[in-house]
>>> print(open('entry_12.cif').read())   # mmCIF, C-alpha atoms (C1' of nucleotides)
data_run
#
loop_
_atom_site.label_atom_id
_atom_site.label_comp_id
_atom_site.auth_asym_id
_atom_site.auth_seq_id
_atom_site.Cartn_x
_atom_site.Cartn_y
_atom_site.Cartn_z
CA MET A 1 -10.62 -3.68 -33.97
CA ILE A 2 -13.58 -3.77 -31.67
CA VAL A 3 -13.39 -6.24 -28.82
CA VAL A 4 -16.72 -7.19 -27.36
CA MET A 5 -16.38 -8.59 -23.87
CA ASP A 6 -18.95 -10.95 -22.52
CA THR A 7 -20.42 -10.41 -19.08
CA ARG A 8 -18.00 -12.66 -17.26
CA GLU A 9 -15.07 -10.87 -18.87
CA ARG A 10 -16.44 -7.43 -18.05
CA LEU A 11 -16.92 -8.50 -14.43
CA ILE A 12 -13.27 -9.58 -14.14
CA GLU A 13 -11.93 -6.45 -15.82
CA SER A 14 -14.10 -4.14 -13.72
CA THR A 15 -12.95 -5.90 -10.57
CA ARG A 16 -9.35 -5.54 -11.67
CA GLU A 17 -9.77 -1.81 -12.14
CA LEU A 18 -11.55 -1.36 -8.83
CA LEU A 19 -8.98 -3.40 -6.90
CA TRP A 20 -6.31 -1.20 -8.45
CA GLU A 21 -8.09 2.06 -7.60
CA ARG A 22 -9.68 1.23 -4.26
CA GLY A 23 -8.29 -2.08 -3.01
CA TYR A 24 -10.23 -5.12 -1.89
CA VAL A 25 -11.75 -3.64 1.26
CA GLY A 26 -12.78 -0.53 -0.64
CA THR A 27 -14.47 -2.39 -3.48
CA SER A 28 -18.11 -3.43 -3.13
CA PRO A 29 -20.10 -5.91 -5.22
CA LYS A 30 -22.43 -3.09 -6.12
CA ALA A 31 -19.56 -0.99 -7.51
CA ILE A 32 -18.42 -3.95 -9.60
CA GLN A 33 -21.91 -4.43 -10.97
CA GLN A 34 -22.26 -0.79 -11.89
CA ARG A 35 -18.89 -0.56 -13.62
CA SER A 36 -19.35 -3.79 -15.53
CA GLY A 37 -22.97 -3.12 -16.42
CA ALA A 38 -23.95 -6.50 -15.01
CA GLY A 39 -26.87 -6.97 -12.66
CA GLN A 40 -26.88 -8.48 -9.20
CA GLY A 41 -28.16 -11.89 -10.33
CA SER A 42 -25.77 -11.94 -13.25
CA MET A 43 -22.74 -11.36 -11.06
CA TYR A 44 -23.68 -14.09 -8.61
CA HIS A 45 -24.42 -16.42 -11.49
CA HIS A 46 -20.86 -16.13 -12.82
CA PHE A 47 -19.04 -15.95 -9.49
CA ASP A 48 -19.64 -17.30 -6.00
CA GLY A 49 -19.09 -13.89 -4.43
CA LYS A 50 -16.54 -11.16 -3.91
CA PRO A 51 -13.58 -13.41 -3.03
CA ALA A 52 -14.04 -15.58 -6.14
CA LEU A 53 -14.22 -12.51 -8.34
CA ALA A 54 -11.16 -11.03 -6.68
CA LEU A 55 -9.24 -14.26 -7.16
CA ALA A 56 -9.86 -14.14 -10.92
CA ALA A 57 -8.92 -10.45 -11.07
CA ILE A 58 -5.78 -10.78 -8.96
CA GLY A 59 -4.57 -13.79 -10.94
CA ARG A 60 -4.94 -11.79 -14.09
CA SER A 61 -3.10 -8.74 -12.72
CA ALA A 62 -0.25 -10.92 -11.49
CA GLY A 63 -0.03 -12.59 -14.89
CA ALA A 64 0.07 -9.23 -16.63
CA LEU A 65 2.84 -7.98 -14.36
CA LYS A 66 4.90 -11.06 -15.03
CA ALA A 67 4.38 -10.85 -18.77
CA ALA A 68 5.25 -7.15 -18.94
CA ALA A 69 8.46 -7.73 -16.97
CA GLU A 70 9.45 -10.70 -19.06
CA VAL A 71 9.11 -8.59 -22.22
CA GLU A 72 11.87 -6.32 -20.90
CA PHE A 73 14.06 -9.09 -19.51
CA ALA A 74 13.95 -11.07 -22.75
CA ARG A 75 14.98 -8.20 -25.05
CA PRO A 76 18.30 -8.38 -26.85
CA GLY A 77 21.11 -6.35 -25.29
CA THR A 78 23.41 -6.39 -22.31
CA VAL A 79 22.19 -7.24 -18.85
CA VAL A 80 22.46 -3.61 -17.81
CA GLU A 81 20.43 -2.54 -20.83
CA ARG A 82 17.69 -5.04 -20.01
CA VAL A 83 17.60 -4.14 -16.33
CA THR A 84 17.45 -0.48 -17.34
CA GLY A 85 14.62 -1.28 -19.73
CA TYR A 86 12.71 -2.94 -16.93
CA LEU A 87 13.25 -0.07 -14.52
CA ARG A 88 12.42 2.61 -17.07
CA ARG A 89 9.40 0.81 -18.47
CA GLU A 90 6.51 3.22 -18.77
CA ARG A 91 4.33 3.09 -15.70
CA ASP A 92 1.55 5.25 -14.32
CA ALA A 93 3.42 5.86 -11.09
CA VAL A 94 0.70 7.88 -9.38
CA LYS A 95 -1.80 5.12 -10.00
CA GLY A 96 0.50 2.66 -8.29
CA CYS A 97 1.17 -1.03 -8.82
CA PRO A 98 -1.96 -3.17 -9.24
CA VAL A 99 -0.27 -6.07 -7.47
CA GLY A 100 1.88 -4.26 -4.93
CA ARG A 101 -1.07 -2.29 -3.55
CA LEU A 102 -2.76 -5.57 -2.61
CA THR A 103 -0.07 -6.19 0.01
CA GLN A 104 -1.69 -3.36 2.00
CA ASP A 105 -5.08 -5.04 1.94
CA PRO A 106 -5.63 -6.91 5.21
CA ASP A 107 -8.38 -9.14 3.79
CA VAL A 108 -6.21 -10.15 0.83
CA MET A 109 -3.21 -10.98 3.01
CA ALA A 110 -5.44 -12.92 5.41
CA ASP A 111 -6.83 -15.19 2.69
CA PRO A 112 -4.19 -17.67 1.45
CA ARG A 113 -5.90 -18.12 -1.90
CA LEU A 114 -5.94 -14.39 -2.64
CA ARG A 115 -2.48 -13.91 -1.29
CA ARG A 116 -0.75 -16.69 -3.20
CA PRO A 117 -0.59 -14.98 -6.64
CA VAL A 118 0.79 -11.81 -5.05
CA GLN A 119 3.47 -13.70 -3.16
CA ASP A 120 4.36 -15.81 -6.19
CA VAL A 121 4.75 -12.97 -8.66
CA PHE A 122 7.12 -10.99 -6.43
CA ALA A 123 9.14 -14.11 -5.70
CA TRP A 124 9.37 -14.80 -9.42
CA LEU A 125 10.32 -11.20 -10.19
CA THR A 126 13.16 -10.96 -7.70
CA ASP A 127 14.48 -14.39 -8.73
CA ARG A 128 14.31 -13.58 -12.42
CA LEU A 129 16.14 -10.30 -11.89
CA ALA A 130 18.72 -11.97 -9.65
CA GLY A 131 19.40 -14.49 -12.43
CA LEU A 132 19.92 -11.67 -14.87
CA LEU A 133 22.33 -9.89 -12.54
CA ALA A 134 24.20 -13.15 -11.95
CA GLU A 135 24.53 -13.48 -15.71
CA GLY A 136 25.95 -9.96 -15.86
CA ARG A 137 28.43 -10.77 -13.16
CA ALA A 138 29.46 -13.95 -14.94
CA ASN A 139 30.04 -12.23 -18.28
CA GLY A 140 32.12 -9.48 -16.70
CA GLU A 141 29.56 -6.73 -17.14
CA LEU A 142 29.06 -6.30 -13.40
CA ASP A 143 31.41 -6.25 -10.42
CA ILE A 144 32.21 -9.66 -9.04
CA GLY A 145 31.38 -8.35 -5.55
CA LEU A 146 27.78 -7.52 -6.41
CA ASP A 147 25.27 -9.77 -4.64
CA PRO A 148 22.68 -10.70 -7.30
CA ALA A 149 19.85 -11.65 -4.94
CA ALA A 150 20.25 -8.63 -2.66
CA THR A 151 20.63 -6.25 -5.59
CA ALA A 152 17.57 -7.71 -7.28
CA ALA A 153 15.52 -7.24 -4.10
CA ALA A 154 16.72 -3.65 -3.87
CA LEU A 155 15.78 -2.87 -7.47
CA VAL A 156 12.31 -4.38 -7.17
CA ALA A 157 11.89 -2.46 -3.92
CA VAL A 158 12.87 0.80 -5.61
CA VAL A 159 10.07 0.32 -8.13
CA GLN A 160 7.50 -0.52 -5.47
CA GLY A 161 8.70 2.24 -3.17
CA GLY A 162 8.81 4.64 -6.08
CA TYR A 163 5.09 4.11 -6.49
CA VAL A 164 4.56 4.94 -2.83
CA LEU A 165 6.53 8.18 -3.17
CA ALA A 166 4.74 9.16 -6.38
CA ARG A 167 1.36 8.58 -4.75
CA SER A 168 2.36 10.54 -1.66
CA ALA A 169 3.50 13.44 -3.82
CA GLY A 170 0.60 13.19 -6.23
CA SER A 171 3.00 13.41 -9.17
CA PRO A 172 5.33 11.00 -10.97
CA GLY A 173 8.54 13.05 -10.75
CA ILE A 174 9.82 11.44 -7.57
CA TYR A 175 9.28 7.99 -9.05
CA ALA A 176 11.51 8.82 -12.01
CA GLN A 177 14.05 10.30 -9.62
CA ALA A 178 14.17 7.14 -7.51
CA ILE A 179 14.75 5.05 -10.63
CA ASP A 180 17.50 7.46 -11.73
CA GLY A 181 19.08 7.13 -8.31
CA ALA A 182 19.02 3.34 -8.47
CA LEU A 183 20.57 3.32 -11.94
CA GLY A 184 23.18 5.81 -10.79
CA LEU A 185 24.09 3.53 -7.91
CA LEU A 186 24.20 0.51 -10.21
CA ALA A 187 26.44 2.38 -12.65
CA GLY A 188 29.22 2.30 -10.06
CA HIS A 189 29.33 -1.48 -10.44
CA VAL A 190 29.26 -1.71 -14.23
CA ARG A 191 32.41 -2.69 -16.16
CA TYR A 192 32.61 -2.57 -19.93
CA PRO A 193 32.57 -4.40 -22.20
CA PRO A 194 30.79 -7.65 -21.32
CA HIS A 195 32.36 -10.86 -22.51
CA PRO A 196 30.94 -11.89 -25.88
CA ASP A 197 28.32 -14.62 -25.54
CA PRO A 198 28.01 -16.79 -28.66
CA GLY A 199 24.43 -17.64 -27.79
CA ALA A 200 23.20 -14.04 -27.65
CA GLN A 201 22.55 -11.37 -30.25
CA HIS A 202 23.90 -8.01 -29.21
CA PRO A 203 22.51 -5.00 -31.08
CA ASP A 204 25.91 -3.30 -31.19
CA ASP A 205 27.61 -6.47 -32.38
CA PRO A 206 25.22 -8.27 -34.70
CA HIS A 207 27.75 -10.63 -36.36
CA GLN A 208 27.26 -9.00 -39.75
CA MET B 1 6.21 3.31 35.07
CA ILE B 2 2.52 3.04 34.42
CA VAL B 3 1.10 5.43 31.89
CA VAL B 4 -2.61 5.98 32.19
CA MET B 5 -4.11 7.35 29.01
CA ASP B 6 -7.27 9.36 29.08
CA THR B 7 -10.11 8.57 26.72
CA ARG B 8 -9.09 11.02 24.05
CA GLU B 9 -5.58 9.62 24.04
CA ARG B 10 -6.78 6.02 23.85
CA LEU B 11 -9.00 6.93 20.91
CA ILE B 12 -6.08 8.40 18.99
CA GLU B 13 -3.76 5.49 19.74
CA SER B 14 -6.40 2.92 18.84
CA THR B 15 -7.05 4.71 15.57
CA ARG B 16 -3.33 4.79 14.85
CA GLU B 17 -3.07 1.04 15.33
CA LEU B 18 -6.13 0.30 13.24
CA LEU B 19 -5.02 2.57 10.40
CA TRP B 20 -1.72 0.72 10.45
CA GLU B 21 -3.31 -2.72 10.44
CA ARG B 22 -6.36 -2.17 8.24
CA GLY B 23 -6.10 1.24 6.59
CA TYR B 24 -8.67 4.02 6.61
CA VAL B 25 -11.30 2.31 4.49
CA GLY B 26 -10.96 -0.86 6.56
CA THR B 27 -11.31 0.88 9.92
CA SER B 28 -14.79 1.50 11.35
CA PRO B 29 -15.82 3.79 14.20
CA LYS B 30 -17.12 0.73 16.01
CA ALA B 31 -13.73 -0.99 15.80
CA ILE B 32 -12.08 2.13 17.21
CA GLN B 33 -14.55 2.25 20.09
CA GLN B 34 -14.00 -1.39 20.94
CA ARG B 35 -10.22 -1.19 20.89
CA SER B 36 -10.10 2.02 22.89
CA GLY B 37 -12.78 0.96 25.34
CA ALA B 38 -14.67 4.18 24.66
CA GLY B 39 -18.38 4.24 23.98
CA GLN B 40 -20.17 5.67 20.98
CA GLY B 41 -21.12 8.91 22.65
CA SER B 42 -17.69 9.32 24.12
CA MET B 43 -16.00 9.04 20.76
CA TYR B 44 -18.29 11.59 19.14
CA HIS B 45 -17.83 13.89 22.11
CA HIS B 46 -14.05 14.03 21.58
CA PHE B 47 -14.02 13.97 17.78
CA ASP B 48 -16.33 15.16 15.03
CA GLY B 49 -16.21 11.81 13.28
CA LYS B 50 -13.93 9.37 11.54
CA PRO B 51 -12.00 11.90 9.43
CA ALA B 52 -11.18 14.08 12.44
CA LEU B 53 -9.97 11.07 14.39
CA ALA B 54 -7.90 9.88 11.45
CA LEU B 55 -6.35 13.33 11.08
CA ALA B 56 -5.12 13.24 14.67
CA ALA B 57 -3.81 9.69 14.25
CA ILE B 58 -2.08 10.33 10.93
CA GLY B 59 -0.43 13.49 12.20
CA ARG B 60 0.96 11.55 15.11
CA SER B 61 2.26 8.70 12.93
CA ALA B 62 3.93 11.16 10.58
CA GLY B 63 5.53 12.93 13.53
CA ALA B 64 6.82 9.64 14.93
CA LEU B 65 8.32 8.66 11.59
CA LYS B 66 10.09 11.97 11.30
CA ALA B 67 11.42 11.81 14.85
CA ALA B 68 12.67 8.24 14.47
CA ALA B 69 14.49 9.12 11.25
CA GLU B 70 16.01 12.25 12.73
CA VAL B 71 17.44 10.20 15.61
CA GLU B 72 19.48 8.23 13.08
CA PHE B 73 20.43 11.19 10.91
CA ALA B 74 21.62 13.22 13.88
CA ARG B 75 23.93 10.56 15.35
CA PRO B 76 27.65 11.17 15.37
CA GLY B 77 29.62 9.45 12.63
CA THR B 78 30.24 9.67 8.92
CA VAL B 79 27.44 10.27 6.45
CA VAL B 80 27.61 6.66 5.30
CA GLU B 81 27.36 5.46 8.88
CA ARG B 82 24.33 7.61 9.54
CA VAL B 83 22.60 6.60 6.29
CA THR B 84 23.36 2.97 7.15
CA GLY B 85 21.91 3.50 10.60
CA TYR B 86 18.74 4.87 9.09
CA LEU B 87 18.39 2.01 6.62
CA ARG B 88 19.17 -0.68 9.18
CA ARG B 89 17.00 0.80 11.90
CA GLU B 90 14.86 -1.89 13.43
CA ARG B 91 11.50 -2.11 11.74
CA ASP B 92 8.67 -4.61 11.78
CA ALA B 93 8.87 -5.10 8.04
CA VAL B 94 5.89 -7.45 7.74
CA LYS B 95 3.68 -4.99 9.53
CA GLY B 96 4.62 -2.33 7.01
CA CYS B 97 5.04 1.42 7.27
CA PRO B 98 2.26 3.20 9.17
CA VAL B 99 2.58 6.23 6.91
CA GLY B 100 3.48 4.60 3.59
CA ARG B 101 0.48 2.30 3.71
CA LEU B 102 -1.82 5.31 3.76
CA THR B 103 -0.77 6.18 0.21
CA GLN B 104 -2.80 3.13 -0.88
CA ASP B 105 -5.93 4.42 0.81
CA PRO B 106 -8.15 6.12 -1.77
CA ASP B 107 -10.15 8.05 0.84
CA VAL B 108 -6.97 9.39 2.48
CA MET B 109 -5.45 10.49 -0.84
CA ALA B 110 -8.76 12.09 -1.85
CA ASP B 111 -8.94 14.27 1.28
CA PRO B 112 -6.34 17.07 1.21
CA ARG B 113 -6.32 17.39 4.99
CA LEU B 114 -5.59 13.72 5.55
CA ARG B 115 -3.14 13.58 2.71
CA ARG B 116 -1.06 16.58 3.68
CA PRO B 117 0.91 15.01 6.57
CA VAL B 118 1.72 11.97 4.43
CA GLN B 119 2.97 14.11 1.57
CA ASP B 120 4.94 16.38 3.89
CA VAL B 121 6.77 13.68 5.80
CA PHE B 122 8.00 11.93 2.66
CA ALA B 123 9.08 15.22 1.15
CA TRP B 124 10.94 16.04 4.37
CA LEU B 125 12.55 12.60 4.50
CA THR B 126 13.91 12.62 0.96
CA ASP B 127 15.15 16.20 1.34
CA ARG B 128 16.81 15.47 4.65
CA LEU B 129 18.54 12.41 3.24
CA ALA B 130 19.56 14.30 0.10
CA GLY B 131 21.16 16.95 2.30
CA LEU B 132 23.10 14.29 4.14
CA LEU B 133 24.31 12.74 0.89
CA ALA B 134 25.32 16.17 -0.41
CA GLU B 135 27.32 16.64 2.77
CA GLY B 136 29.03 13.30 2.13
CA ARG B 137 29.84 14.34 -1.39
CA ALA B 138 31.24 17.65 -0.22
CA ASN B 139 33.51 16.10 2.40
CA GLY B 140 34.90 13.57 -0.04
CA GLU B 141 33.19 10.55 1.47
CA LEU B 142 31.03 9.96 -1.60
CA ASP B 143 31.67 10.09 -5.33
CA ILE B 144 31.35 13.51 -6.84
CA GLY B 145 29.14 12.03 -9.56
CA LEU B 146 26.49 10.82 -7.13
CA ASP B 147 23.21 12.72 -7.46
CA PRO B 148 22.08 13.43 -3.88
CA ALA B 149 18.38 13.98 -4.62
CA ALA B 150 18.01 10.96 -6.89
CA THR B 151 20.00 8.73 -4.55
CA ALA B 152 17.93 9.88 -1.58
CA ALA B 153 14.71 9.09 -3.44
CA ALA B 154 16.06 5.65 -4.32
CA LEU B 155 17.00 4.88 -0.71
CA VAL B 156 13.65 5.97 0.70
CA ALA B 157 11.98 3.92 -2.03
CA VAL B 158 14.00 0.85 -1.09
CA VAL B 159 12.67 1.08 2.45
CA GLN B 160 9.08 1.54 1.33
CA GLY B 161 9.35 -1.12 -1.34
CA GLY B 162 11.09 -3.43 1.12
CA TYR B 163 7.97 -3.29 3.25
CA VAL B 164 5.88 -4.28 0.23
CA LEU B 165 8.14 -7.27 -0.48
CA ALA B 166 8.18 -8.36 3.16
CA ARG B 167 4.40 -8.22 3.33
CA SER B 168 4.03 -10.14 0.06
CA ALA B 169 6.37 -12.83 1.36
CA GLY B 170 4.94 -12.82 4.86
CA SER B 171 8.44 -12.70 6.32
CA PRO B 172 11.06 -9.98 6.89
CA GLY B 173 14.00 -11.66 5.12
CA ILE B 174 13.44 -10.02 1.78
CA TYR B 175 13.27 -6.61 3.43
CA ALA B 176 16.71 -7.10 4.96
CA GLN B 177 17.98 -8.35 1.63
CA ALA B 178 16.73 -5.26 -0.21
CA ILE B 179 18.49 -3.03 2.34
CA ASP B 180 21.67 -5.07 1.95
CA GLY B 181 21.40 -4.67 -1.80
CA ALA B 182 21.00 -0.91 -1.52
CA LEU B 183 23.98 -0.60 0.81
CA GLY B 184 26.01 -2.83 -1.51
CA LEU B 185 25.21 -0.53 -4.40
CA LEU B 186 26.04 2.54 -2.33
CA ALA B 187 29.36 1.00 -1.29
CA GLY B 188 30.57 1.33 -4.87
CA HIS B 189 30.41 5.11 -4.49
CA VAL B 190 32.10 5.45 -1.10
CA ARG B 191 35.64 6.83 -0.87
CA TYR B 192 37.61 6.86 2.36
CA PRO B 193 38.43 8.71 4.44
CA PRO B 194 36.07 11.69 4.62
CA HIS B 195 37.65 15.09 5.03
CA PRO B 196 37.88 16.00 8.69
CA ASP B 197 35.13 18.38 9.74
CA PRO B 198 36.12 20.49 12.74
CA GLY B 199 32.46 20.79 13.77
CA ALA B 200 31.79 17.06 13.98
CA GLN B 201 32.83 14.34 16.38
CA HIS B 202 33.89 11.20 14.57
CA PRO B 203 33.88 8.00 16.68
CA ASP B 204 37.05 6.70 14.95
CA ASP B 205 38.80 10.04 15.30
CA PRO B 206 37.70 11.62 18.56
CA HIS B 207 40.48 14.23 18.84
CA GLN B 208 41.82 12.57 21.95
"C1'" DG C 1 -28.21 -16.10 -17.91
"C1'" DT C 2 -30.52 -12.16 -16.06
"C1'" DC C 3 -33.98 -9.83 -13.23
"C1'" DT C 4 -36.29 -8.25 -8.98
"C1'" DA C 5 -37.43 -8.96 -4.14
"C1'" DT C 6 -35.99 -9.72 0.27
"C1'" DA C 7 -32.87 -10.38 4.32
"C1'" DT C 8 -29.16 -9.53 7.72
"C1'" DC C 9 -25.69 -6.99 9.36
"C1'" DC C 10 -22.52 -3.12 9.66
"C1'" DA C 11 -21.07 1.88 8.73
"C1'" DG C 12 -21.41 6.16 10.37
"C1'" DA C 13 -23.71 9.08 12.52
"C1'" DT C 14 -27.49 12.21 15.54
"C1'" DA C 15 -30.32 13.06 19.79
"C1'" DG C 16 -31.14 13.42 24.22
"C1'" DA C 17 -31.02 11.39 28.94
"C1'" DC C 18 -27.90 10.99 32.88
"C1'" DG D 1 -18.11 13.29 29.51
"C1'" DT D 2 -20.49 9.07 28.87
"C1'" DC D 3 -24.56 6.24 27.92
"C1'" DT D 4 -28.39 4.27 25.22
"C1'" DA D 5 -31.72 4.70 21.54
"C1'" DT D 6 -32.56 5.48 16.96
"C1'" DC D 7 -31.83 6.45 12.00
"C1'" DT D 8 -30.38 6.09 6.97
"C1'" DG D 9 -27.98 3.78 3.87
"C1'" DG D 10 -24.70 0.42 1.99
"C1'" DA D 11 -22.34 -4.31 2.05
"C1'" DT D 12 -23.06 -8.83 0.81
"C1'" DA D 13 -25.57 -11.94 -0.14
"C1'" DT D 14 -29.98 -15.68 -1.11
"C1'" DA D 15 -34.42 -16.98 -3.49
"C1'" DG D 16 -37.13 -17.55 -7.01
"C1'" DA D 17 -39.47 -15.67 -11.21
"C1'" DC D 18 -38.65 -14.98 -16.20
#
>>> encode(input="entry_12.cif", output="structure tokens")
Amino acid sequence: MIVVMDTRERLIESTRELLWERGYVGTSPKAIQQRSGAGQGSMYHHFDGKPALALAAIGRSAGALKAAAEVEFARPGTVVERVTGYLRRERDAVKGCPVGRLTQDPDVMADPRLRRPVQDVFAWLTDRLAGLLAEGRANGELDIGLDPAATAAALVAVVQGGYVLARSAGSPGIYAQAIDGALGLLAGHVRYPPHPDPGAQHPDDPHQ
Amino acid sequence: MIVVMDTRERLIESTRELLWERGYVGTSPKAIQQRSGAGQGSMYHHFDGKPALALAAIGRSAGALKAAAEVEFARPGTVVERVTGYLRRERDAVKGCPVGRLTQDPDVMADPRLRRPVQDVFAWLTDRLAGLLAEGRANGELDIGLDPAATAAALVAVVQGGYVLARSAGSPGIYAQAIDGALGLLAGHVRYPPHPDPGAQHPDDPHQ
DNA sequence: GTCTATATCCAGATAGAC
DNA sequence: GTCTATCTGGATATAGAC
């Protein structure tokens, strides 16, 4: 299947890539034009300027992050399996997180409109994960003493910090190690089996 | 005590602050001159150019990070107490990590000389922490099943990722929560008491 | 919608006087 | 050591023709 992108679409995708690779401060209109193949006039026809283009690109990256996480969270399986799926999801660790890296961009953080999608997606992510952990605590899978909100924040932080370590090392090994460490720590709070939940399909217990 | 810095010193410190606040790409020679109070000619007399100035500033930030961590690691007390001290050390979470933020700077990562101190300090930090955790495992304080290297990577990642979350939220609460979560997870692997170590002074057991 | 021309300002220096 | 002058190029647009 060949997907032909129109100019507007190519501008947004090129901006997304450049924000990921070089950040907002490090991305120039000229670089966006060259990568997208659009001319000067064409770019300013479709978008007011660099901030408007960045807003479209950032919104899209935040949406993609949310969707990719939700895929893992919504899988069948125990809470621990789904959390593990999220943490072990394939990522290009050395490339870093397209949303997380924006928190280091002073001009993004200074502009409320650019900052909003970044703030919102991390708030959503930690809340969603906290809900999942609370579910695991309620069904007996996880220790009653485990704080869902704090644990969720820690797990999201391990992913974001894992990117930092992988970039500093220039290789993804330390990212995988950090995830392993987090799962090893979590394992100390897992109790089997979870209580059966009539509303859920469990792969090991498919009511056959 | 009044400390008078000479021009060279003010240039390095100003660069350090600007790299922290705005990154390498976002920091211009002019901004450095204005903050340091040095003129154009003065700056280029003391340093070859922006990369040379950044190298001095980054080396200093990396050294400061290492020294601050070592203060916590070298305190008296159990391994868990010292790891807790490191994690709970006062940090301006919203400002972020002066070294970690450089991993998002494409021009820093692309220059081996600028990148080296960043890479080295994170490698040192995870190794140092892994050694401490191995010590805790050996003296019976920590579960035998705990992987020191992976756990160390996870804990360093929680700190770095906590900064990302705090910056995204614009407030330090989520950073503290992530640290709490990590310590809560670690608590599931702590066994008391540690074996007595004749070479160490323990505050709860001071051989009085 | 896309193109080219033009404009202003800043980045990042170099040169030489003092 | 510090100052001012000067330079090349890129960032970030705006204007108007096609």
>>> interface_residues(input="entry_12.cif", of="chain A", to="chain B", cutoff="8 Å", atoms="only C-alpha atoms", output="PyMOL selection string")
chain A and resi 21-23+25-26+100-101+103-106+109+115+118-119+122-123+146-147+149-162+164-165+167-169+174-175+177-182+184-186+188-189
>>> resolve_selection(input="entry_12.cif", expression="the PyMOL selection byres ((chain D) within 8 of (chain B))", output="NGL selection string")
:D and (1-3)
>>> write_last_selection(input="entry_12.cif", atoms="C-alpha atoms (C1' of nucleotides)", output="PDB file, in the coordinates of the input")
ATOM      1  C1'  DG D   1     -18.110  13.290  29.510  1.00  0.00           C
ATOM      2  C1'  DT D   2     -20.490   9.070  28.870  1.00  0.00           C
ATOM      3  C1'  DC D   3     -24.560   6.240  27.920  1.00  0.00           C
TER       4       DC D   3
END
>>> atom_distance(input="entry_12.cif", atom1="atom CA of A:Gly173", atom2="atom CA of A:Glu90")
12.8 Å
>>> atom_distance(input="entry_12.cif", atom1="atom C1' of D:DT14", atom2="atom CA of A:Ser28")
17.2 Å
>>> residues_around(input="entry_12.cif", residues="D:DA17", least_positions_apart="2", cutoff="12 Å", atoms="all atoms listed in the file", output="list in words")
Gly41 of chain A; DT2, DC3, DT4 and DA5 of chain C; DA15 of chain D
>>> atom_distance(input="entry_12.cif", atom1="atom CA of A:Gln34", atom2="atom CA of A:Asp48")
17.7 Å
>>> closest_atom_pairs(input="entry_12.cif", of="chain B", to="chain C", cutoff="9 Å", atoms="all atoms listed in the file", output="tab-separated table")
residue	atom	partner	partner_atom	distance
B:Ser28	CA	C:DA11	C1'	6.8
B:Pro29	CA	C:DG12	C1'	7.2
B:Lys30	CA	C:DA11	C1'	8.4
B:Tyr44	CA	C:DA13	C1'	8.9
B:Gly49	CA	C:DA13	C1'	8.0
B:Lys50	CA	C:DG12	C1'	8.2
>>> resolve_selection(input="entry_12.cif", expression="the PyMOL selection byres ((chain B and resi 56) around 12)", output="PyMOL selection string")
chain B and resi 8-16+19+46-55+57-63+113-114+117
